[in-house]
Amino acid sequence: MNIFVCIKQVPDTETKITPNDDGSFIETNSIKWIMNPYDEFAVEQALLHKAAAGDSTVTVVRVGGVKDSEALRTAMAMGADEAILVEAEDNLDSYCTAKALKLAIEKSGKTPDLILTGKQAIDDDCLQVPQLLAQMLELPSVSVVVGFEANGNKLTLKREIEGGAIEVYEVDTPCVVACNKGLNSPRYASLPGIMKAKKKPLTQHSLADLGITDADRRVVYSDFQLPPEKPPGKKFEAMDEGQVDSVVKEVIGLLRNEAKVI
Amino acid sequence: MAKVLVFTETTGDSVKSVTLEILGKLAGHDIDVCAIGDIPAEGTKKLAEYGAANVHTLKGSGLDNYSPEGYANALQGFISSNGYDFVFAGSTSLGKDLFPRVAGMFDAGMVSEVTNFLFEGDNFSGTRPLFAGKCLAKVTVQGPKPHFVTVRPNALGLPDTPSAGAGNAADASVDPGTMRAIVKEIIKGASEKVDLTEANVIVSGGRAMKNAENFKILDELAETIGATVGASRAAVDSGYAPHAMQVGQTGKTVAPSLYIACGISGAIQHLAGMRTSKIIVAINTDPDAPIFTKADYGIVGDLFQVVPAMTKEFKALLG
């Protein structure tokens with residue numbers, strides 16, 4: 001069985017983000033990159049599925065900058081068998097990313113039986129690539145998946161919707177599954193795993209190799225800027241129980257009369 | 001004047017409020033609204049009030065439950081036969097899943113979850129937060145039409161004086177095509193309240209809640225002011241609340257008018273999910289907690305005293 005996992009490398013949550021000089025993107029020189037947290041659930045699910053199904057290959061695919069490209073090695077250290085890297089600028093849009101993933105998967109010569117992704121990347125939070133990729137490959141997809149059961153080629157998937165409700169889907173592979181937190185507990189890469197990962201095959205393509213050009217870009221970003229600073233708020237001391245009632249009265253009064261939200 | 005379609009979803013006896021926010025912002029354009037399945041009469045009335053010229057209810061077999069492919073095929077057919085320049089939806093659970101697929105069918109571009117937008121003539125440009133809200137950027141779409149846009153609920157707000165449209169209601173029959181991913185069952189969530197991502201008021205608890213049981217004081221406050229209850233990652237990871245309630249970078253992104261953070265320190269990952277809230281109230285015993293730098297009103301105090309006092313005061317006020 002051919003299992004593909006699409007992953008993205010994103011700035012670490014704690015990293016300071018600064019717009020670059022011309023506002024066309026952010027300053028990427030001093031950023032610490034990590035594997036998109038939701039993609040870890042996708043990698044883990046691929047490994048669990050491989051263990052259950054047997055005789056499978058897990059291929060991780062990533063589209064993005066090649067500097068400090070550790071996310072693919074991390075996925076292979078967790079247990080993925082091989083990797084494909086499509087070199088691209090970090091601010092690629094979802095359409096080009098999905099198209100690059102599609103073409104890279106096709107170029108691998110392996111027909112996908114299952115494609116796993118994170119439900120969203122925490123850098124641009126677009127939530128488009130899984131569904132776009134599915135559409136481009138003419139496959140069904142289920143997103144925000146928190147439950148995954150396989151019986152042969154039949155999958156039962158739980159998709160989290162509003163208010164914590166769950167839609168239970170039945171779908172046959174091949175399909176695209178976009179994973180949410182809570183689906184599983186991603187393993188850590190072991191030391192032997194890290195050593196082995198260094199020898200696992202990594203194929204690299206450029207966007208041009210895949211035939212993707214500037215004409216494919218659909219979404220253009222500009223004017224990156226820091227959000228406006230919020231003026232300092234009002235702070236009230238109520239550590240002493242005797243202060244609580246009067247402070248609460250005052251704050252609620254402000255919510256009604258100053259902020260006008262109640 | 002662009003020809004625009006707004007996809008809406010119904011809720012209770014009306015339509016989702018985000019649709020009305022979008023309609024308000026689109027005033028001056030030629031606006032149609034569509035939904036899959038019936039729209040309650042109250043909803044159709046509201047849509048007209050906020051500017052819809054035509055309200056289309058799309059009917060096809062097998063569309064009682066959401067189907068990623070069925071809904072996408074239905075919408076694609078409808079859009080193709082009516083020729084829109086732009087198609088909008090709220091960035092809801094369903095909108096987020098459906099729109100990328102429909103955009104893909106047209107090989108068209110889509111902008112996700114804008115917090116504001118404007119038209120200069122027929123040219124759209126949006127604003128959206130990126131990198132956990134640490135940056136804002138301008139975003140435009142190019143390439144084949146229609147262009148697709150989803151909008152974060154509560155971000156635009158409702159217009160003070162909406163300009164009405166004709167609101168002509170009409171059914172249209174649509175073909176859901178082949179549906180391969182099928183919803184077999186819907187398991188209800190713990191909460192029947194408005195989803196966090198669409199809530200206008202949120203009361204959230206952090207690690208200082210100490211246990212799941214204590215969340216009932218937040219439930220009582222929420223009940224009093226019509227709020228939805230959320231939680232920080234620390235509270236979710238400690239098992240005090242389910243992940244569906246998590247606000248933050250690996251949870252929900254919310255933009256309510258009022259966010260009350262109870263015993264939440266304000267880690268970057270939490271701020272990422274709630275920093276676009278209009279008014280933030282923070283309650284924390286630690287006067288140096290980072291949440292206070294984002295709070296409009298900070299109360300340095302014990303949430304177990306402050307929250308019940310708030311509930312009592314609100315009950316007295318709101319009767």
# chains A, B, ... in the order shown; residues from 1 in each chain; ligands from 1

$ closest_atom_pairs --of "chain B" --to "chain A" --cutoff "6 Å" --atoms "only C-alpha atoms" --output "CSV"
residue,atom,partner,partner_atom,distance
B:Ser93,CA,A:Ile161,CA,5.8
B:Pro100,CA,A:Gln128,CA,5.1
B:Arg101,CA,A:Gln131,CA,5.2
B:Gly104,CA,A:Leu132,CA,5.4
B:Gly109,CA,A:Arg218,CA,4.7
B:Ser112,CA,A:Cys126,CA,5.2
B:Leu130,CA,A:Asp124,CA,5.0
B:Phe131,CA,A:Asp123,CA,4.5
B:Cys135,CA,A:Leu226,CA,4.7
B:Leu136,CA,A:Gln225,CA,5.3
B:Ala137,CA,A:Phe224,CA,4.3
B:Lys138,CA,A:Ser222,CA,5.1
B:Val139,CA,A:Tyr221,CA,4.6
B:Thr140,CA,A:Val220,CA,5.3
B:Val141,CA,A:Val219,CA,4.6
B:Gln142,CA,A:Arg218,CA,5.0
B:Gly143,CA,A:Arg218,CA,5.8
B:Arg180,CA,A:Val171,CA,6.0
B:Ala181,CA,A:Val171,CA,4.6
B:Ile182,CA,A:Tyr169,CA,5.2
B:Val183,CA,A:Tyr169,CA,4.4
B:Lys184,CA,A:Val168,CA,5.7
B:Glu185,CA,A:Val168,CA,5.1
B:Ile186,CA,A:Glu167,CA,4.6
B:Ile187,CA,A:Ile166,CA,4.9
B:Lys188,CA,A:Ala165,CA,4.6
B:Gly189,CA,A:Ala165,CA,3.8
B:Ser191,CA,A:Gly163,CA,5.7
B:Asp195,CA,A:Gly163,CA,4.7
B:Ala244,CA,A:Gly164,CA,4.9
B:Ala295,CA,A:Gly233,CA,5.8
B:Asp296,CA,A:Gly233,CA,4.0
B:Tyr297,CA,A:Lys234,CA,4.9
B:Gly298,CA,A:Lys235,CA,4.4
B:Ile299,CA,A:Phe236,CA,4.8
B:Val300,CA,A:Glu237,CA,5.0
B:Gly301,CA,A:Met239,CA,4.3
B:Met310,CA,A:Val248,CA,6.0

$ residues_around --residues "segment 270-277 of chain B" --least-positions-apart "4" --cutoff "8 Å" --atoms "only C-alpha atoms" --output "number ranges by chain"
B: 132-134, 155, 232-233, 247-249, 251-259, 266, 291, 294

$ write_last_selection --atoms "N, CA and C atoms" --output "short mmCIF file (atom, residue, chain, number, x, y, z; two decimals), in the first residue's frame"
data_model
loop_
_atom_site.label_atom_id
_atom_site.label_comp_id
_atom_site.auth_asym_id
_atom_site.auth_seq_id
_atom_site.Cartn_x
_atom_site.Cartn_y
_atom_site.Cartn_z
N ALA B 132 -0.16 33.17 13.59
CA ALA B 132 -0.80 33.24 14.90
C ALA B 132 -1.18 34.67 15.26
N GLY B 133 -1.52 35.46 14.26
CA GLY B 133 -1.96 36.83 14.53
C GLY B 133 -0.81 37.78 14.83
N LYS B 134 0.44 37.29 14.66
CA LYS B 134 1.58 38.16 14.93
C LYS B 134 1.79 39.14 13.79
N ALA B 155 -15.94 39.16 12.85
CA ALA B 155 -14.85 40.11 12.57
C ALA B 155 -15.37 41.40 11.95
N SER B 232 -8.22 26.89 27.83
CA SER B 232 -6.86 27.04 27.30
C SER B 232 -6.27 25.66 27.04
N ARG B 233 -5.14 25.62 26.34
CA ARG B 233 -4.52 24.33 26.08
C ARG B 233 -4.10 23.66 27.39
N VAL B 247 -9.31 26.98 22.90
CA VAL B 247 -9.06 28.21 22.15
C VAL B 247 -7.55 28.38 22.06
N GLY B 248 -7.05 28.62 20.86
CA GLY B 248 -5.61 28.84 20.72
C GLY B 248 -5.09 28.25 19.44
N GLN B 249 -3.78 28.25 19.32
CA GLN B 249 -3.18 27.88 18.05
C GLN B 249 -3.48 26.46 17.62
N GLY B 251 -6.13 24.94 18.67
CA GLY B 251 -7.55 24.80 18.94
C GLY B 251 -8.34 25.72 18.04
N LYS B 252 -9.34 26.40 18.59
CA LYS B 252 -10.18 27.27 17.77
C LYS B 252 -9.64 28.70 17.77
N THR B 253 -9.84 29.39 16.65
CA THR B 253 -9.56 30.81 16.59
C THR B 253 -10.89 31.52 16.74
N VAL B 254 -10.98 32.43 17.69
CA VAL B 254 -12.26 33.06 18.00
C VAL B 254 -12.14 34.58 17.91
N ALA B 255 -13.27 35.23 17.68
CA ALA B 255 -13.27 36.70 17.59
C ALA B 255 -14.56 37.26 18.21
N PRO B 256 -14.84 36.95 19.47
CA PRO B 256 -16.09 37.43 20.06
C PRO B 256 -16.03 38.93 20.40
N SER B 257 -17.16 39.52 20.71
CA SER B 257 -17.18 40.90 21.19
C SER B 257 -16.58 40.97 22.59
N LEU B 258 -16.81 39.92 23.37
CA LEU B 258 -16.31 39.91 24.75
C LEU B 258 -15.71 38.54 25.06
N TYR B 259 -14.47 38.56 25.52
CA TYR B 259 -13.76 37.33 25.90
C TYR B 259 -13.35 37.46 27.35
N GLY B 266 -1.98 33.33 29.54
CA GLY B 266 -1.84 34.09 28.30
C GLY B 266 -0.60 33.72 27.50
N ILE B 291 -1.41 37.68 30.02
CA ILE B 291 -2.78 37.95 29.56
C ILE B 291 -3.16 39.40 29.87
N LYS B 294 -2.86 42.07 27.19
CA LYS B 294 -3.85 42.08 26.11
C LYS B 294 -5.24 42.46 26.60
#

$ atom_distance --atom1 "atom CA of Ile202 of chain B" --atom2 "atom CA of Thr19 of chain B"
20.4 Å

$ closest_residue --among "A:Ala104, A:Arg187, A:Thr117, A:Val146" --to "Gly211 of chain A" --atoms "only C-alpha atoms"
A:Ala104

$ select_by_dssp --residues "segment 26-64 of chain B" --states "alpha helix (DSSP H)" --output "PDB file with C-alpha atoms, in the first residue's frame"
ATOM      1  CA  ALA B  41     -38.854  32.262   6.731  1.00  0.00           C
ATOM      2  CA  GLU B  42     -37.205  34.425   9.378  1.00  0.00           C
ATOM      3  CA  GLY B  43     -33.835  33.790   7.691  1.00  0.00           C
ATOM      4  CA  THR B  44     -35.095  34.797   4.247  1.00  0.00           C
ATOM      5  CA  LYS B  45     -36.533  37.975   5.747  1.00  0.00           C
ATOM      6  CA  LYS B  46     -33.209  38.831   7.409  1.00  0.00           C
ATOM      7  CA  LEU B  47     -31.289  38.153   4.176  1.00  0.00           C
ATOM      8  CA  ALA B  48     -33.535  40.604   2.321  1.00  0.00           C
ATOM      9  CA  GLU B  49     -33.153  43.147   5.095  1.00  0.00           C
TER      10      GLU B  49
END

$ residues_around --residues "segment 199-209 of chain A" --least-positions-apart "6" --cutoff "8 Å" --atoms "only C-alpha atoms" --output "PyMOL selection string"
chain A and resi 76+81-88+100+104

$ write_last_selection --atoms "N, CA and C atoms" --output "short mmCIF file (atom, residue, chain, number, x, y, z; two decimals), in the first residue's frame"
data_model
loop_
_atom_site.label_atom_id
_atom_site.label_comp_id
_atom_site.auth_asym_id
_atom_site.auth_seq_id
_atom_site.Cartn_x
_atom_site.Cartn_y
_atom_site.Cartn_z
N MET A 76 10.99 11.00 8.83
CA MET A 76 11.64 9.71 8.54
C MET A 76 12.23 9.10 9.82
N ASP A 81 9.31 6.02 5.38
CA ASP A 81 10.32 5.30 4.61
C ASP A 81 11.12 6.17 3.67
N GLU A 82 10.46 7.13 3.04
CA GLU A 82 11.18 7.98 2.10
C GLU A 82 10.54 9.35 2.04
N ALA A 83 11.22 10.27 1.35
CA ALA A 83 10.73 11.65 1.35
C ALA A 83 10.90 12.29 -0.01
N ILE A 84 10.01 13.21 -0.29
CA ILE A 84 10.10 14.03 -1.50
C ILE A 84 10.04 15.49 -1.06
N LEU A 85 10.99 16.27 -1.55
CA LEU A 85 11.00 17.70 -1.23
C LEU A 85 10.83 18.48 -2.53
N VAL A 86 9.84 19.35 -2.55
CA VAL A 86 9.69 20.24 -3.70
C VAL A 86 10.15 21.62 -3.24
N GLU A 87 11.23 22.08 -3.83
CA GLU A 87 11.79 23.36 -3.40
C GLU A 87 10.91 24.51 -3.92
N ALA A 88 10.52 25.37 -3.00
CA ALA A 88 9.66 26.50 -3.37
C ALA A 88 9.86 27.61 -2.37
N ALA A 100 1.65 21.32 -6.56
CA ALA A 100 2.99 20.74 -6.45
C ALA A 100 2.92 19.37 -5.77
N ALA A 104 4.06 16.00 -7.56
CA ALA A 104 5.16 15.24 -6.95
C ALA A 104 4.71 13.81 -6.66
#

$ closest_residue --among "B:Lys193, B:His243, B:Arg207, B:Lys315" --to "Thr224 of chain B" --atoms "only C-alpha atoms"
B:Lys315

$ residues_around --residues "Phe4 of chain A" --least-positions-apart "4" --cutoff "8 Å" --atoms "only C-alpha atoms" --output "PyMOL selection string"
chain A and resi 46+58-61+105+112+114-116

$ atom_distance --atom1 "atom CA of Asp55 of chain A" --atom2 "atom CA of Leu191 of chain A"
24.2 Å

$ select_by_dssp --residues "segment 48-129 of chain B" --states "strand (DSSP E)" --output "VMD selection string"
chain B and resid 54 to 59 86 to 90 110 to 114 116 to 120 123 to 129

$ residues_around --residues "segment 27-32 of chain B" --least-positions-apart "6" --cutoff "6 Å" --atoms "only C-alpha atoms" --output "PDB file with N, CA and C atoms, in the first residue's frame"
ATOM      1  N   MET B   1     -19.682  47.314 -10.191  1.00  0.00           N
ATOM      2  CA  MET B   1     -20.524  46.479  -9.324  1.00  0.00           C
ATOM      3  C   MET B   1     -20.315  45.016  -9.687  1.00  0.00           C
ATOM      4  N   ALA B   2     -19.794  44.299  -8.719  1.00  0.00           N
ATOM      5  CA  ALA B   2     -19.504  42.887  -8.968  1.00  0.00           C
ATOM      6  C   ALA B   2     -20.746  42.033  -8.701  1.00  0.00           C
ATOM      7  N   LYS B   3     -20.824  40.925  -9.417  1.00  0.00           N
ATOM      8  CA  LYS B   3     -21.920  39.987  -9.169  1.00  0.00           C
ATOM      9  C   LYS B   3     -21.427  38.946  -8.155  1.00  0.00           C
ATOM     10  N   VAL B   4     -22.076  38.951  -6.992  1.00  0.00           N
ATOM     11  CA  VAL B   4     -21.559  38.188  -5.859  1.00  0.00           C
ATOM     12  C   VAL B   4     -22.585  37.179  -5.354  1.00  0.00           C
ATOM     13  N   LEU B   5     -22.093  35.978  -5.031  1.00  0.00           N
ATOM     14  CA  LEU B   5     -22.929  34.982  -4.373  1.00  0.00           C
ATOM     15  C   LEU B   5     -22.419  34.792  -2.954  1.00  0.00           C
ATOM     16  N   ALA B  52     -29.874  41.035   0.220  1.00  0.00           N
ATOM     17  CA  ALA B  52     -29.907  39.976  -0.799  1.00  0.00           C
ATOM     18  C   ALA B  52     -30.950  40.292  -1.872  1.00  0.00           C
ATOM     19  N   ALA B  53     -30.534  40.258  -3.141  1.00  0.00           N
ATOM     20  CA  ALA B  53     -31.489  40.458  -4.231  1.00  0.00           C
ATOM     21  C   ALA B  53     -32.295  39.182  -4.451  1.00  0.00           C
ATOM     22  N   ASN B  54     -31.594  38.049  -4.522  1.00  0.00           N
ATOM     23  CA  ASN B  54     -32.250  36.752  -4.714  1.00  0.00           C
ATOM     24  C   ASN B  54     -31.763  35.776  -3.659  1.00  0.00           C
ATOM     25  N   VAL B  55     -32.667  34.969  -3.157  1.00  0.00           N
ATOM     26  CA  VAL B  55     -32.305  33.956  -2.174  1.00  0.00           C
ATOM     27  C   VAL B  55     -32.634  32.587  -2.772  1.00  0.00           C
TER      28      VAL B  55
END

$ atom_distance --atom1 "atom CA of Asn36 of chain A" --atom2 "atom CA of Val176 of chain A"
17.6 Å

$ residues_around --residues "Asn154 of chain B" --least-positions-apart "2" --cutoff "8 Å" --atoms "only C-alpha atoms" --output "JSON list (two decimals) with C-alpha atoms, in the first residue's frame"
[["chain", "number", "residue", "atom", "x", "y", "z"],
["B", 18, "VAL", "CA", -21.76, 35.86, 9.63],
["B", 21, "GLU", "CA", -22.09, 40.60, 8.34],
["B", 152, "ARG", "CA", -14.11, 35.06, 10.07],
["B", 156, "LEU", "CA", -16.81, 42.51, 10.34],
["B", 157, "GLY", "CA", -19.71, 43.17, 12.71],
["B", 198, "GLU", "CA", -19.15, 31.97, 16.07],
["B", 199, "ALA", "CA", -19.84, 32.97, 19.68],
["B", 200, "ASN", "CA", -20.32, 36.63, 20.48],
["B", 255, "ALA", "CA", -13.27, 36.70, 17.59],
["B", 256, "PRO", "CA", -16.09, 37.43, 20.06],
["B", 257, "SER", "CA", -17.18, 40.90, 21.19]]

$ decode --residues "segment 166-279 of chain B" --atoms "C-alpha atoms" --output "short mmCIF file (atom, residue, chain, number, x, y, z; two decimals), in the first residue's frame"
data_model
loop_
_atom_site.label_atom_id
_atom_site.label_comp_id
_atom_site.auth_asym_id
_atom_site.auth_seq_id
_atom_site.Cartn_x
_atom_site.Cartn_y
_atom_site.Cartn_z
CA ALA B 166 -35.57 42.45 -2.94
CA GLY B 167 -35.01 39.05 -1.32
CA ASN B 168 -36.80 37.09 -4.03
CA ALA B 169 -36.88 33.48 -2.91
CA ALA B 170 -36.53 30.69 -5.46
CA ASP B 171 -35.73 26.98 -5.44
CA ALA B 172 -33.08 25.62 -7.78
CA SER B 173 -32.54 21.94 -8.39
CA VAL B 174 -28.92 20.81 -8.24
CA ASP B 175 -27.05 17.62 -9.01
CA PRO B 176 -24.94 16.32 -6.11
CA GLY B 177 -23.12 13.92 -8.45
CA THR B 178 -21.13 11.04 -6.98
CA MET B 179 -20.65 11.14 -3.21
CA ARG B 180 -17.97 8.84 -1.89
CA ALA B 181 -17.37 10.17 1.64
CA ILE B 182 -20.75 9.68 3.30
CA VAL B 183 -21.93 10.86 6.73
CA LYS B 184 -23.46 7.82 8.42
CA GLU B 185 -24.11 9.34 11.80
CA ILE B 186 -23.84 12.60 13.71
CA ILE B 187 -22.81 12.36 17.35
CA LYS B 188 -24.05 15.37 19.27
CA GLY B 189 -21.54 17.50 21.13
CA ALA B 190 -21.65 18.23 24.84
CA SER B 191 -22.82 21.76 24.13
CA GLU B 192 -25.93 22.90 22.29
CA LYS B 193 -24.67 26.47 22.48
CA VAL B 194 -23.31 28.55 19.62
CA ASP B 195 -19.95 27.19 18.51
CA LEU B 196 -16.89 28.94 19.93
CA THR B 197 -15.82 30.18 16.50
CA GLU B 198 -19.15 31.97 16.07
CA ALA B 199 -19.84 32.97 19.68
CA ASN B 200 -20.32 36.63 20.48
CA VAL B 201 -19.33 36.17 24.13
CA ILE B 202 -16.88 33.58 25.46
CA VAL B 203 -15.93 32.64 29.02
CA SER B 204 -12.70 30.62 29.04
CA GLY B 205 -10.90 28.74 31.81
CA GLY B 206 -7.23 27.87 32.20
CA ARG B 207 -5.04 25.68 34.34
CA ALA B 208 -6.11 27.58 37.47
CA MET B 209 -9.56 25.97 37.15
CA LYS B 210 -7.83 23.02 38.91
CA ASN B 211 -10.29 20.37 37.69
CA ALA B 212 -13.16 19.65 35.29
CA GLU B 213 -15.78 19.98 38.02
CA ASN B 214 -14.88 23.63 38.63
CA PHE B 215 -15.83 24.54 35.04
CA LYS B 216 -19.42 24.64 36.30
CA ILE B 217 -18.81 28.13 37.73
CA LEU B 218 -17.89 29.20 34.18
CA ASP B 219 -21.02 27.45 32.86
CA GLU B 220 -23.14 29.45 35.31
CA LEU B 221 -21.58 32.75 34.24
CA ALA B 222 -21.90 31.75 30.57
CA GLU B 223 -25.54 30.80 31.06
CA THR B 224 -26.27 34.22 32.58
CA ILE B 225 -24.76 36.25 29.74
CA GLY B 226 -25.45 33.89 26.82
CA ALA B 227 -21.81 32.94 26.38
CA THR B 228 -20.05 29.82 25.13
CA VAL B 229 -17.41 28.24 27.38
CA GLY B 230 -13.85 27.71 26.14
CA ALA B 231 -10.59 26.51 27.64
CA SER B 232 -6.86 27.04 27.30
CA ARG B 233 -4.52 24.33 26.08
CA ALA B 234 -3.19 23.92 29.62
CA ALA B 235 -6.71 23.13 30.83
CA VAL B 236 -7.37 20.75 27.91
CA ASP B 237 -4.02 18.97 28.29
CA SER B 238 -4.72 18.56 32.02
CA GLY B 239 -7.99 16.87 31.14
CA TYR B 240 -10.29 19.58 32.56
CA ALA B 241 -12.04 20.17 29.22
CA PRO B 242 -12.32 18.41 25.83
CA HIS B 243 -10.21 19.55 22.87
CA ALA B 244 -13.35 20.83 21.13
CA MET B 245 -13.36 23.61 23.74
CA GLN B 246 -9.74 24.63 23.20
CA VAL B 247 -9.06 28.21 22.15
CA GLY B 248 -5.61 28.84 20.72
CA GLN B 249 -3.18 27.88 18.05
CA THR B 250 -3.91 24.16 18.13
CA GLY B 251 -7.55 24.80 18.94
CA LYS B 252 -10.18 27.27 17.77
CA THR B 253 -9.56 30.81 16.59
CA VAL B 254 -12.26 33.06 18.00
CA ALA B 255 -13.27 36.70 17.59
CA PRO B 256 -16.09 37.43 20.06
CA SER B 257 -17.18 40.90 21.19
CA LEU B 258 -16.31 39.91 24.75
CA TYR B 259 -13.76 37.33 25.90
CA ILE B 260 -13.48 36.62 29.62
CA ALA B 261 -10.24 34.74 30.43
CA CYS B 262 -10.38 33.07 33.83
CA GLY B 263 -7.15 31.75 35.30
CA ILE B 264 -5.41 31.83 31.92
CA SER B 265 -1.82 33.05 31.95
CA GLY B 266 -1.84 34.09 28.30
CA ALA B 267 0.78 31.94 26.56
CA ILE B 268 1.48 32.97 22.95
CA GLN B 269 -0.33 29.88 21.76
CA HIS B 270 -3.51 30.99 23.58
CA LEU B 271 -3.25 34.62 22.49
CA ALA B 272 -2.99 33.36 18.89
CA GLY B 273 -6.54 32.09 19.12
CA MET B 274 -8.26 35.04 20.82
CA ARG B 275 -6.30 38.23 20.20
CA THR B 276 -8.84 39.58 17.71
CA SER B 277 -11.54 39.56 20.41
CA LYS B 278 -12.98 43.07 20.68
CA ILE B 279 -12.95 43.36 24.47
#
